[in-house]
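Engineer: This is the content of model.txt (compact mmCIF, C-alpha atoms):
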# COMPACT_ATOMS: atom_id res chain seq x y z
CA MET T 1 0.00 0.00 0.00
CA LEU T 2 1.10 3.55 -0.72
CA PHE T 3 -0.22 6.27 1.60
CA ALA T 4 -0.02 10.04 1.47
CA VAL T 5 -0.02 11.56 4.96
CA THR T 6 -0.50 15.25 5.68
CA HIS T 7 -0.13 16.41 9.28
CA ARG T 8 -0.77 20.08 10.03
CA THR T 9 -0.34 21.74 13.45
CA ILE T 10 -1.19 25.41 14.06
CA TYR T 11 -0.58 27.35 17.27
CA ARG T 12 -2.37 30.71 17.55
CA TYR T 13 -1.10 32.90 20.39
CA ALA T 14 -2.86 35.68 22.28
CA SER T 15 0.19 37.95 21.99
CA ASP T 16 3.55 38.00 20.25
CA VAL T 17 5.98 35.17 20.86
CA ALA T 18 9.43 36.74 20.93
CA VAL T 19 11.39 33.54 20.36
CA SER T 20 10.57 29.82 20.31
CA HIS T 21 12.41 26.51 20.13
CA HIS T 22 10.70 23.30 19.00
CA LEU T 23 11.40 19.59 18.59
CA ALA T 24 9.33 17.55 16.12
CA ARG T 25 9.06 13.79 15.69
CA LEU T 26 6.97 13.61 12.53
CA HIS T 27 9.18 11.74 10.04
CA PRO T 28 7.93 8.13 9.53
CA ARG T 29 10.50 5.45 10.29
CA GLU T 30 12.26 3.26 7.75
CA LEU T 31 11.42 -0.39 8.52
CA PRO T 32 11.55 -3.73 6.68
CA SER T 33 7.78 -3.41 6.09
CA GLN T 34 7.74 0.39 5.67
CA GLN T 35 9.65 2.64 3.29
CA VAL T 36 9.40 6.42 3.13
CA ALA T 37 9.23 7.55 -0.50
CA ASP T 38 9.07 11.26 0.31
CA PHE T 39 8.97 13.57 3.32
CA GLN T 40 8.59 17.35 3.46
CA LEU T 41 8.53 19.62 6.51
CA GLU T 42 7.20 23.18 6.22
CA VAL T 43 7.46 25.65 9.11
CA ASN T 44 5.97 29.14 9.07
CA PRO T 45 7.45 31.56 10.13
CA ARG T 46 10.68 30.39 8.61
CA PRO T 47 13.12 29.10 11.27
CA ALA T 48 16.33 30.97 11.94
CA ALA T 49 18.05 27.64 12.68
CA SER T 50 17.19 23.99 12.20
CA ASP T 51 18.79 20.57 12.58
CA GLU T 52 17.86 16.93 12.03
CA ARG T 53 19.19 13.90 13.90
CA LEU T 54 18.25 10.49 15.32
CA ASP T 55 17.33 10.19 18.98
CA PHE T 56 18.26 7.35 21.36
CA TYR T 57 15.57 5.06 19.91
CA GLY T 58 16.42 5.80 16.28
CA ASN T 59 13.49 8.16 15.71
CA SER T 60 14.08 11.03 13.31
CA THR T 61 13.89 14.38 15.12
CA HIS T 62 13.78 17.91 13.72
CA PHE T 63 14.84 20.86 15.86
CA PHE T 64 14.01 24.39 14.77
CA SER T 65 14.21 27.83 16.33
CA ILE T 66 12.23 30.95 15.40
CA SER T 67 13.69 34.29 16.42
CA ASN T 68 11.20 36.71 14.82
CA PRO T 69 8.10 37.85 16.77
CA HIS T 70 5.03 35.85 15.71
CA MET T 71 1.44 35.25 16.80
CA GLU T 72 0.97 32.03 14.82
CA LEU T 73 3.11 28.95 14.21
CA SER T 74 2.27 26.47 11.47
CA VAL T 75 4.05 23.12 11.09
CA THR T 76 3.03 20.92 8.15
CA THR T 77 4.49 17.60 7.08
CA ARG T 78 3.73 15.66 3.91
CA SER T 79 4.83 12.05 3.62
CA ARG T 80 4.48 9.26 1.10
CA VAL T 81 4.93 5.86 2.70
CA HIS T 82 4.90 2.32 1.30
CA ILE T 83 3.47 -0.23 3.75
CA ALA T 84 3.68 -4.01 3.44
CA ALA T 85 1.95 -6.33 5.90
CA PRO T 86 4.54 -7.76 8.31
CA SER T 87 4.89 -11.51 8.67
CA LEU T 88 3.32 -12.54 11.97
CA PRO T 89 4.02 -15.82 13.74
CA ILE T 90 1.25 -18.31 14.46
CA ALA T 91 0.03 -17.21 17.87
CA SER T 92 -0.21 -20.73 19.29
CA GLN T 93 3.39 -21.44 18.31
CA THR T 94 4.95 -18.49 20.15
CA PRO T 95 6.80 -19.23 23.43
CA PRO T 96 4.94 -19.29 26.75
CA TRP T 97 4.86 -15.79 28.16
CA GLU T 98 6.72 -16.83 31.33
CA THR T 99 9.59 -18.09 29.16
CA VAL T 100 9.74 -14.72 27.43
CA ARG T 101 9.76 -12.95 30.80
CA GLN T 102 12.70 -15.06 31.96
CA ARG T 103 14.70 -14.58 28.76
CA CYS T 104 14.20 -10.80 28.74
CA ALA T 105 15.30 -10.51 32.37
CA SER T 106 18.59 -12.39 31.82
CA ASP T 107 21.82 -10.64 32.85
CA VAL T 108 23.54 -12.12 29.78
CA LEU T 109 23.37 -9.76 26.80
CA THR T 110 21.20 -11.26 24.05
CA PRO T 111 18.58 -9.76 21.71
CA ASP T 112 15.98 -10.87 24.26
CA SER T 113 17.69 -9.29 27.26
CA ALA T 114 18.35 -6.10 25.25
CA ALA T 115 14.58 -5.70 24.94
CA GLY T 116 14.56 -5.62 28.74
CA GLU T 117 15.24 -1.87 28.69
CA PHE T 118 11.46 -1.55 28.17
CA LEU T 119 10.65 -3.44 31.38
CA PHE T 120 10.88 -0.46 33.70
CA ASP T 121 8.77 2.49 34.82
CA SER T 122 8.72 5.58 32.63
CA PRO T 123 7.35 9.13 33.03
CA HIS T 124 3.74 8.19 32.16
CA ILE T 125 3.75 4.53 33.25
CA THR T 126 4.36 3.12 36.72
CA ARG T 127 4.07 -0.62 37.26
CA SER T 128 1.66 -1.69 39.98
CA ALA T 129 -0.30 -4.62 41.37
CA ALA T 130 -3.50 -3.05 40.03
CA PHE T 131 -2.27 -3.16 36.43
CA ALA T 132 -0.91 -6.69 36.87
CA HIS T 133 -4.26 -7.76 38.31
CA TYR T 134 -6.13 -6.33 35.32
CA ALA T 135 -3.81 -8.02 32.81
CA ALA T 136 -3.58 -11.38 34.61
CA PRO T 137 -6.73 -13.09 33.19
CA SER T 138 -5.17 -12.90 29.72
CA PHE T 139 -1.91 -14.44 30.91
CA PRO T 140 -2.64 -17.81 32.58
CA GLY T 141 0.28 -20.14 33.14
CA GLY T 142 1.87 -21.57 30.00
CA ARG T 143 -0.19 -19.54 27.52
CA PRO T 144 1.67 -18.66 24.28
CA LEU T 145 2.76 -15.02 24.34
CA LEU T 146 0.96 -13.80 21.23
CA GLU T 147 -2.29 -15.52 22.26
CA ALA T 148 -2.11 -13.73 25.61
CA VAL T 149 -1.32 -10.34 24.02
CA ALA T 150 -4.15 -10.66 21.50
CA ASP T 151 -6.60 -11.56 24.27
CA PHE T 152 -5.42 -8.64 26.43
CA THR T 153 -5.78 -6.28 23.46
CA SER T 154 -9.35 -7.47 22.89
CA ARG T 155 -10.25 -7.06 26.57
CA ILE T 156 -9.09 -3.43 26.61
CA PHE T 157 -11.15 -2.82 23.46
CA ARG T 158 -14.26 -4.31 25.11
CA ASP T 159 -13.79 -2.86 28.60
CA PHE T 160 -12.95 0.74 27.73
CA LYS T 161 -14.90 3.42 25.90
CA PHE T 162 -13.21 5.78 23.45
CA ASP T 163 -13.97 9.29 24.77
CA ARG T 164 -11.93 12.32 23.67
CA ARG T 165 -13.27 14.43 26.55
CA ALA T 166 -12.48 11.95 29.32
CA THR T 167 -8.72 12.51 29.57
CA THR T 168 -5.83 14.84 28.77
CA THR T 169 -2.14 14.08 28.33
CA ALA T 170 -1.78 14.72 32.08
CA THR T 171 -4.49 12.30 33.27
CA PRO T 172 -2.97 9.65 35.59
CA LEU T 173 -3.20 6.11 34.29
CA ASP T 174 -4.84 4.98 37.54
CA GLU T 175 -7.81 7.21 36.67
CA VAL T 176 -8.04 5.71 33.18
CA LEU T 177 -8.20 2.23 34.71
CA GLU T 178 -10.85 3.34 37.21
CA HIS T 179 -13.15 5.23 34.84
CA ARG T 180 -12.65 2.93 31.80
CA ARG T 181 -12.57 5.83 29.32
CA GLY T 182 -9.91 7.48 27.23
CA VAL T 183 -8.21 7.70 23.85
CA CYS T 184 -5.62 5.67 21.96
CA GLN T 185 -2.75 7.13 23.99
CA ASP T 186 -4.42 6.02 27.22
CA PHE T 187 -5.15 2.53 25.92
CA ALA T 188 -1.56 2.08 24.72
CA HIS T 189 -0.24 3.25 28.10
CA LEU T 190 -2.65 0.93 29.91
CA ALA T 191 -1.60 -2.08 27.84
CA ILE T 192 2.07 -1.32 28.45
CA ALA T 193 1.46 -0.88 32.19
CA GLY T 194 -0.29 -4.26 32.38
CA VAL T 195 2.36 -6.11 30.38
CA ARG T 196 5.29 -4.51 32.22
CA SER T 197 3.65 -5.18 35.58
CA LEU T 198 3.77 -8.88 34.68
CA GLY T 199 7.48 -8.62 33.89
CA LEU T 200 7.32 -8.40 30.07
CA PRO T 201 8.94 -5.59 28.03
CA ALA T 202 6.62 -3.34 26.05
CA ARG T 203 7.10 -0.10 24.15
CA TYR T 204 4.88 2.75 22.95
CA VAL T 205 4.41 3.36 19.22
CA SER T 206 3.14 6.57 17.63
CA GLY T 207 2.00 7.02 14.06
CA TYR T 208 -1.09 7.12 11.87
CA ILE T 209 -3.85 4.77 10.81
CA GLU T 210 -5.96 4.84 7.68
CA THR T 211 -9.52 5.42 8.84
CA GLN T 212 -12.57 4.25 6.93
CA PRO T 213 -15.86 6.20 6.86
CA PRO T 214 -19.13 4.57 7.94
CA PRO T 215 -21.09 2.81 5.19
CA GLY T 216 -22.68 5.33 2.84
CA LYS T 217 -20.56 8.24 4.14
CA SER T 218 -17.87 10.11 2.25
CA ARG T 219 -14.32 10.18 3.49
CA LEU T 220 -13.56 13.54 5.13
CA VAL T 221 -10.19 15.06 4.22
CA GLY T 222 -8.25 16.09 7.32
CA ALA T 223 -10.53 14.19 9.71
CA ASP T 224 -7.92 11.60 10.68
CA ALA T 225 -5.67 11.93 13.75
CA SER T 226 -2.36 10.79 15.15
CA HIS T 227 -2.59 7.28 16.54
CA ALA T 228 -0.85 5.21 19.20
CA TRP T 229 -0.48 1.52 19.98
CA PHE T 230 2.06 -0.75 21.70
CA SER T 231 4.58 -3.50 20.96
CA VAL T 232 5.74 -6.58 22.84
CA TRP T 233 8.96 -8.53 22.34
CA CYS T 234 8.67 -12.08 21.03
CA PRO T 235 11.89 -14.14 20.88
CA GLY T 236 12.71 -15.20 17.35
CA HIS T 237 10.27 -12.70 15.86
CA GLY T 238 11.20 -9.35 17.35
CA TRP T 239 8.72 -6.64 18.28
CA ILE T 240 5.07 -7.36 17.47
CA ASP T 241 2.55 -4.50 17.42
CA ALA T 242 -0.93 -4.59 18.94
CA ASP T 243 -3.64 -1.92 18.69
CA PRO T 244 -6.12 -2.02 21.61
CA THR T 245 -8.10 0.95 20.29
CA ASN T 246 -9.13 -1.10 17.25
CA ASP T 247 -8.68 -4.65 18.61
CA LEU T 248 -6.19 -5.83 16.00
CA LEU T 249 -2.57 -6.60 15.25
CA PRO T 250 -1.46 -3.90 12.78
CA ARG T 251 -0.91 -5.03 9.22
CA ASP T 252 -0.82 -2.58 6.30
CA ARG T 253 -2.95 0.38 7.50
CA HIS T 254 -0.67 1.63 10.30
CA VAL T 255 2.15 4.10 9.56
CA VAL T 256 4.89 3.99 12.22
CA VAL T 257 6.49 7.34 13.08
CA ALA T 258 8.33 6.77 16.37
CA TRP T 259 8.62 4.52 19.40
CA GLY T 260 9.86 4.86 22.96
CA ARG T 261 9.02 4.09 26.59
CA ASP T 262 5.78 6.11 26.48
CA PHE T 263 4.28 9.26 24.95
CA SER T 264 6.92 11.48 26.55
CA ASP T 265 9.56 9.97 24.24
CA VAL T 266 7.60 10.43 21.01
CA SER T 267 5.53 13.62 21.32
CA PRO T 268 4.95 14.83 17.73
CA LEU T 269 5.73 18.46 18.56
CA ARG T 270 6.94 20.13 21.73
CA GLY T 271 8.67 23.38 22.47
CA VAL T 272 9.54 26.34 24.65
CA VAL T 273 8.23 29.83 23.86
CA VAL T 274 8.94 33.26 25.30
CA GLY T 275 5.73 35.33 25.36
CA GLY T 276 2.47 34.43 23.69
CA ARG T 277 0.42 34.05 26.89
CA GLU T 278 -2.33 31.46 26.23
CA HIS T 279 -2.74 29.76 22.85
CA ASN T 280 -5.21 27.80 20.72
CA LEU T 281 -4.11 24.58 19.05
CA ASP T 282 -5.51 23.20 15.80
CA VAL T 283 -4.34 19.82 14.50
CA SER T 284 -5.49 18.03 11.35
CA VAL T 285 -4.26 14.76 9.86
CA ASP T 286 -5.13 13.22 6.52
CA VAL T 287 -4.16 9.65 5.58
CA ALA T 288 -5.04 8.84 1.97
CA ARG T 289 -4.46 5.59 0.11
CA LEU T 290 -2.94 6.24 -3.31
What would the structure in this file look like if it were written as structure tokens?
Structural biologist:
Amino acid sequence: MLFAVTHRTIYRYASDVAVSHHLARLHPRELPSQQVADFQLEVNPRPAASDERLDFYGNSTHFFSISNPHMELSVTTRSRVHIAAPSLPIASQTPPWETVRQRCASDVLTPDSAAGEFLFDSPHITRSAAFAHYAAPSFPGGRPLLEAVADFTSRIFRDFKFDRRATTTATPLDEVLEHRRGVCQDFAHLAIAGVRSLGLPARYVSGYIETQPPPGKSRLVGADASHAWFSVWCPGHGWIDADPTNDLLPRDRHVVVAWGRDFSDVSPLRGVVVGGREHNLDVSVDVARL
């Protein structure tokens, strides 16, 4: 599949911003199942300085600084990305999840133990007995890892209601678990918290998903949004993605942009501004199959 992705972010400030510095993670990753045919980044006002580099996790980052007074900042990216469905193992033939836990906790450096860096707490995710208790029914003794992960993904989809007004980026994960409402970021964080609390490594993935309109409705340009899901490590197969918001294992409709411990590592756009007072934020995303 070939997708064209347009991601536009506009900040409108109440007064002049004298100077601002920003970091963007908006460039899709190069992967065996994903190739970036084209990427363009447009910033208005024009930056006085800019730089591009890879972060610790190999995500492409763009830094830019604006030194002229401005009351509006517009950041637009346009990408063309080829997606091929990854080869997934047969769920029943993956190792028991306890075996994976043991291999990833080894003090001998192997590909499995290297994945263990995603076992620990992170800024948005703290392991706890409550998260382990919620995940446990999907992980009975001896169950193959991918069967357990797929079941856990389905349970989050059934148990939680998608509600844009229920949470913000600052809502504690304990509240999400209690109220059973949230958005894709919350569900990805919850899944990671449950898996890590059982001793398995899991990472946060940000990107886009091709959305499909209801039957009889036209597709609305710009009505898509950034998306988030999670990955678990499976020995012999590497990282396998799971999307609890949509109850599926991603195939060829998910565009991967970045991954890290949680949202704090992959925020699409963050920055520091001098002035501006309060601001309004407008974000639009369009994912079109070509």
Engineer: Of the candidates T:Thr211, T:Val5, T:Val256, T:Gln93, which one gets nearest to Pro32 of chain T if we count only C-alpha atoms?
Structural biologist: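 Among the listed residues, T:Val256 lies closest to Pro32 of chain T.
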Engineer: So which residues fall inside 7 Å of (-9.0, 0.7, 29.3) if we count all atoms listed in the file? Mind giving them as JSON, numbers by chain?
Structural biologist: {"T": [156, 159, 160, 176, 177, 180, 181, 187, 190]}
Engineer: Keeping only C-alpha atoms, write the selected residues to a file as a PDB file, keeping the file's coordinate frame.
Structural biologist:
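Produced file selection_25.pdb, reproduced below:
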ATOM      1  CA  ILE T 156      -9.090  -3.430  26.610  1.00  0.00           C
ATOM      2  CA  ASP T 159     -13.790  -2.860  28.600  1.00  0.00           C
ATOM      3  CA  PHE T 160     -12.950   0.740  27.730  1.00  0.00           C
ATOM      4  CA  VAL T 176      -8.040   5.710  33.180  1.00  0.00           C
ATOM      5  CA  LEU T 177      -8.200   2.230  34.710  1.00  0.00           C
ATOM      6  CA  ARG T 180     -12.650   2.930  31.800  1.00  0.00           C
ATOM      7  CA  ARG T 181     -12.570   5.830  29.320  1.00  0.00           C
ATOM      8  CA  PHE T 187      -5.150   2.530  25.920  1.00  0.00           C
ATOM      9  CA  LEU T 190      -2.650   0.930  29.910  1.00  0.00           C
TER      10      LEU T 190
END
Engineer: Name the closest residue to Tyr204 of chain T among the candidates T:Ser113, T:Ser122, T:Asn280, T:Ser231; distances are taken between atoms, counting only C-alpha atoms.
Structural biologist: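 The closest residue to Tyr204 of chain T is T:Ser231.
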Engineer: Just to confirm, what's the straight-line distance from atom CA of Val43 of chain T to atom CA of Ser74 of chain T in Å (one decimal)?
Structural biologist: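 Atom CA of Val43 of chain T sits 5.8 Å away from atom CA of Ser74 of chain T.
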Engineer: May I have the residues within 12 Å of Leu88 of chain T as a ChimeraX atom specification, using all atoms listed in the file and disregarding those fewer than 4 positions away in the same chain?
Structural biologist: /T:33,92-94,146,234,236-242,249-251
Engineer: Just to confirm, what's the straight-line distance from atom CA of Phe3 of chain T to atom CA of Phe39 of chain T in Å (one decimal)?
Structural biologist: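 Value for the atom CA of Phe3 of chain T-atom CA of Phe39 of chain T distance: 11.9 Å.
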Engineer: Quick test: take segment 73-177 of chain T, keep C-alpha atoms, and write it as a PDB file, in the first residue's frame.
Structural biologist:
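Generated file (out-v7.pdb):
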ATOM      1  CA  LEU T  73       3.111  28.952  14.213  1.00  0.00           C
ATOM      2  CA  SER T  74       2.274  26.467  11.474  1.00  0.00           C
ATOM      3  CA  VAL T  75       4.049  23.121  11.090  1.00  0.00           C
ATOM      4  CA  THR T  76       3.028  20.919   8.150  1.00  0.00           C
ATOM      5  CA  THR T  77       4.488  17.597   7.080  1.00  0.00           C
ATOM      6  CA  ARG T  78       3.727  15.662   3.909  1.00  0.00           C
ATOM      7  CA  SER T  79       4.830  12.048   3.623  1.00  0.00           C
ATOM      8  CA  ARG T  80       4.479   9.257   1.105  1.00  0.00           C
ATOM      9  CA  VAL T  81       4.927   5.860   2.703  1.00  0.00           C
ATOM     10  CA  HIS T  82       4.905   2.320   1.298  1.00  0.00           C
ATOM     11  CA  ILE T  83       3.466  -0.233   3.749  1.00  0.00           C
ATOM     12  CA  ALA T  84       3.683  -4.015   3.444  1.00  0.00           C
ATOM     13  CA  ALA T  85       1.954  -6.331   5.896  1.00  0.00           C
ATOM     14  CA  PRO T  86       4.543  -7.763   8.314  1.00  0.00           C
ATOM     15  CA  SER T  87       4.893 -11.506   8.673  1.00  0.00           C
ATOM     16  CA  LEU T  88       3.322 -12.535  11.972  1.00  0.00           C
ATOM     17  CA  PRO T  89       4.015 -15.822  13.743  1.00  0.00           C
ATOM     18  CA  ILE T  90       1.248 -18.309  14.456  1.00  0.00           C
ATOM     19  CA  ALA T  91       0.030 -17.212  17.871  1.00  0.00           C
ATOM     20  CA  SER T  92      -0.212 -20.729  19.290  1.00  0.00           C
ATOM     21  CA  GLN T  93       3.392 -21.437  18.308  1.00  0.00           C
ATOM     22  CA  THR T  94       4.954 -18.489  20.153  1.00  0.00           C
ATOM     23  CA  PRO T  95       6.803 -19.233  23.433  1.00  0.00           C
ATOM     24  CA  PRO T  96       4.936 -19.290  26.754  1.00  0.00           C
ATOM     25  CA  TRP T  97       4.858 -15.793  28.162  1.00  0.00           C
ATOM     26  CA  GLU T  98       6.718 -16.830  31.335  1.00  0.00           C
ATOM     27  CA  THR T  99       9.590 -18.091  29.162  1.00  0.00           C
ATOM     28  CA  VAL T 100       9.738 -14.715  27.429  1.00  0.00           C
ATOM     29  CA  ARG T 101       9.759 -12.955  30.798  1.00  0.00           C
ATOM     30  CA  GLN T 102      12.698 -15.063  31.957  1.00  0.00           C
ATOM     31  CA  ARG T 103      14.703 -14.577  28.759  1.00  0.00           C
ATOM     32  CA  CYS T 104      14.197 -10.799  28.738  1.00  0.00           C
ATOM     33  CA  ALA T 105      15.302 -10.508  32.373  1.00  0.00           C
ATOM     34  CA  SER T 106      18.591 -12.386  31.821  1.00  0.00           C
ATOM     35  CA  ASP T 107      21.821 -10.639  32.849  1.00  0.00           C
ATOM     36  CA  VAL T 108      23.539 -12.122  29.776  1.00  0.00           C
ATOM     37  CA  LEU T 109      23.368  -9.759  26.801  1.00  0.00           C
ATOM     38  CA  THR T 110      21.204 -11.257  24.048  1.00  0.00           C
ATOM     39  CA  PRO T 111      18.585  -9.761  21.714  1.00  0.00           C
ATOM     40  CA  ASP T 112      15.980 -10.875  24.259  1.00  0.00           C
ATOM     41  CA  SER T 113      17.689  -9.289  27.264  1.00  0.00           C
ATOM     42  CA  ALA T 114      18.350  -6.101  25.253  1.00  0.00           C
ATOM     43  CA  ALA T 115      14.577  -5.695  24.941  1.00  0.00           C
ATOM     44  CA  GLY T 116      14.560  -5.617  28.738  1.00  0.00           C
ATOM     45  CA  GLU T 117      15.238  -1.865  28.693  1.00  0.00           C
ATOM     46  CA  PHE T 118      11.461  -1.547  28.168  1.00  0.00           C
ATOM     47  CA  LEU T 119      10.648  -3.438  31.380  1.00  0.00           C
ATOM     48  CA  PHE T 120      10.877  -0.461  33.700  1.00  0.00           C
ATOM     49  CA  ASP T 121       8.772   2.486  34.825  1.00  0.00           C
ATOM     50  CA  SER T 122       8.723   5.579  32.628  1.00  0.00           C
ATOM     51  CA  PRO T 123       7.350   9.127  33.026  1.00  0.00           C
ATOM     52  CA  HIS T 124       3.741   8.187  32.162  1.00  0.00           C
ATOM     53  CA  ILE T 125       3.749   4.533  33.249  1.00  0.00           C
ATOM     54  CA  THR T 126       4.362   3.124  36.723  1.00  0.00           C
ATOM     55  CA  ARG T 127       4.066  -0.620  37.256  1.00  0.00           C
ATOM     56  CA  SER T 128       1.665  -1.690  39.985  1.00  0.00           C
ATOM     57  CA  ALA T 129      -0.297  -4.616  41.373  1.00  0.00           C
ATOM     58  CA  ALA T 130      -3.504  -3.049  40.030  1.00  0.00           C
ATOM     59  CA  PHE T 131      -2.267  -3.163  36.430  1.00  0.00           C
ATOM     60  CA  ALA T 132      -0.915  -6.686  36.874  1.00  0.00           C
ATOM     61  CA  HIS T 133      -4.265  -7.758  38.308  1.00  0.00           C
ATOM     62  CA  TYR T 134      -6.132  -6.326  35.320  1.00  0.00           C
ATOM     63  CA  ALA T 135      -3.808  -8.022  32.805  1.00  0.00           C
ATOM     64  CA  ALA T 136      -3.577 -11.379  34.611  1.00  0.00           C
ATOM     65  CA  PRO T 137      -6.727 -13.095  33.193  1.00  0.00           C
ATOM     66  CA  SER T 138      -5.169 -12.905  29.724  1.00  0.00           C
ATOM     67  CA  PHE T 139      -1.905 -14.445  30.906  1.00  0.00           C
ATOM     68  CA  PRO T 140      -2.639 -17.812  32.575  1.00  0.00           C
ATOM     69  CA  GLY T 141       0.285 -20.142  33.142  1.00  0.00           C
ATOM     70  CA  GLY T 142       1.866 -21.569  29.997  1.00  0.00           C
ATOM     71  CA  ARG T 143      -0.187 -19.540  27.518  1.00  0.00           C
ATOM     72  CA  PRO T 144       1.667 -18.658  24.281  1.00  0.00           C
ATOM     73  CA  LEU T 145       2.760 -15.015  24.342  1.00  0.00           C
ATOM     74  CA  LEU T 146       0.955 -13.803  21.233  1.00  0.00           C
ATOM     75  CA  GLU T 147      -2.295 -15.521  22.259  1.00  0.00           C
ATOM     76  CA  ALA T 148      -2.111 -13.725  25.605  1.00  0.00           C
ATOM     77  CA  VAL T 149      -1.320 -10.342  24.022  1.00  0.00           C
ATOM     78  CA  ALA T 150      -4.145 -10.662  21.499  1.00  0.00           C
ATOM     79  CA  ASP T 151      -6.595 -11.556  24.268  1.00  0.00           C
ATOM     80  CA  PHE T 152      -5.416  -8.641  26.433  1.00  0.00           C
ATOM     81  CA  THR T 153      -5.776  -6.278  23.460  1.00  0.00           C
ATOM     82  CA  SER T 154      -9.354  -7.471  22.895  1.00  0.00           C
ATOM     83  CA  ARG T 155     -10.252  -7.064  26.572  1.00  0.00           C
ATOM     84  CA  ILE T 156      -9.093  -3.427  26.609  1.00  0.00           C
ATOM     85  CA  PHE T 157     -11.154  -2.820  23.465  1.00  0.00           C
ATOM     86  CA  ARG T 158     -14.257  -4.313  25.112  1.00  0.00           C
ATOM     87  CA  ASP T 159     -13.794  -2.861  28.601  1.00  0.00           C
ATOM     88  CA  PHE T 160     -12.949   0.744  27.731  1.00  0.00           C
ATOM     89  CA  LYS T 161     -14.904   3.425  25.900  1.00  0.00           C
ATOM     90  CA  PHE T 162     -13.214   5.785  23.454  1.00  0.00           C
ATOM     91  CA  ASP T 163     -13.966   9.287  24.766  1.00  0.00           C
ATOM     92  CA  ARG T 164     -11.933  12.318  23.673  1.00  0.00           C
ATOM     93  CA  ARG T 165     -13.269  14.427  26.552  1.00  0.00           C
ATOM     94  CA  ALA T 166     -12.479  11.945  29.320  1.00  0.00           C
ATOM     95  CA  THR T 167      -8.722  12.508  29.565  1.00  0.00           C
ATOM     96  CA  THR T 168      -5.826  14.837  28.773  1.00  0.00           C
ATOM     97  CA  THR T 169      -2.142  14.080  28.330  1.00  0.00           C
ATOM     98  CA  ALA T 170      -1.775  14.717  32.076  1.00  0.00           C
ATOM     99  CA  THR T 171      -4.493  12.297  33.273  1.00  0.00           C
ATOM    100  CA  PRO T 172      -2.969   9.650  35.595  1.00  0.00           C
ATOM    101  CA  LEU T 173      -3.200   6.112  34.293  1.00  0.00           C
ATOM    102  CA  ASP T 174      -4.838   4.982  37.539  1.00  0.00           C
ATOM    103  CA  GLU T 175      -7.813   7.206  36.666  1.00  0.00           C
ATOM    104  CA  VAL T 176      -8.045   5.709  33.184  1.00  0.00           C
ATOM    105  CA  LEU T 177      -8.200   2.228  34.714  1.00  0.00           C
TER     106      LEU T 177
END
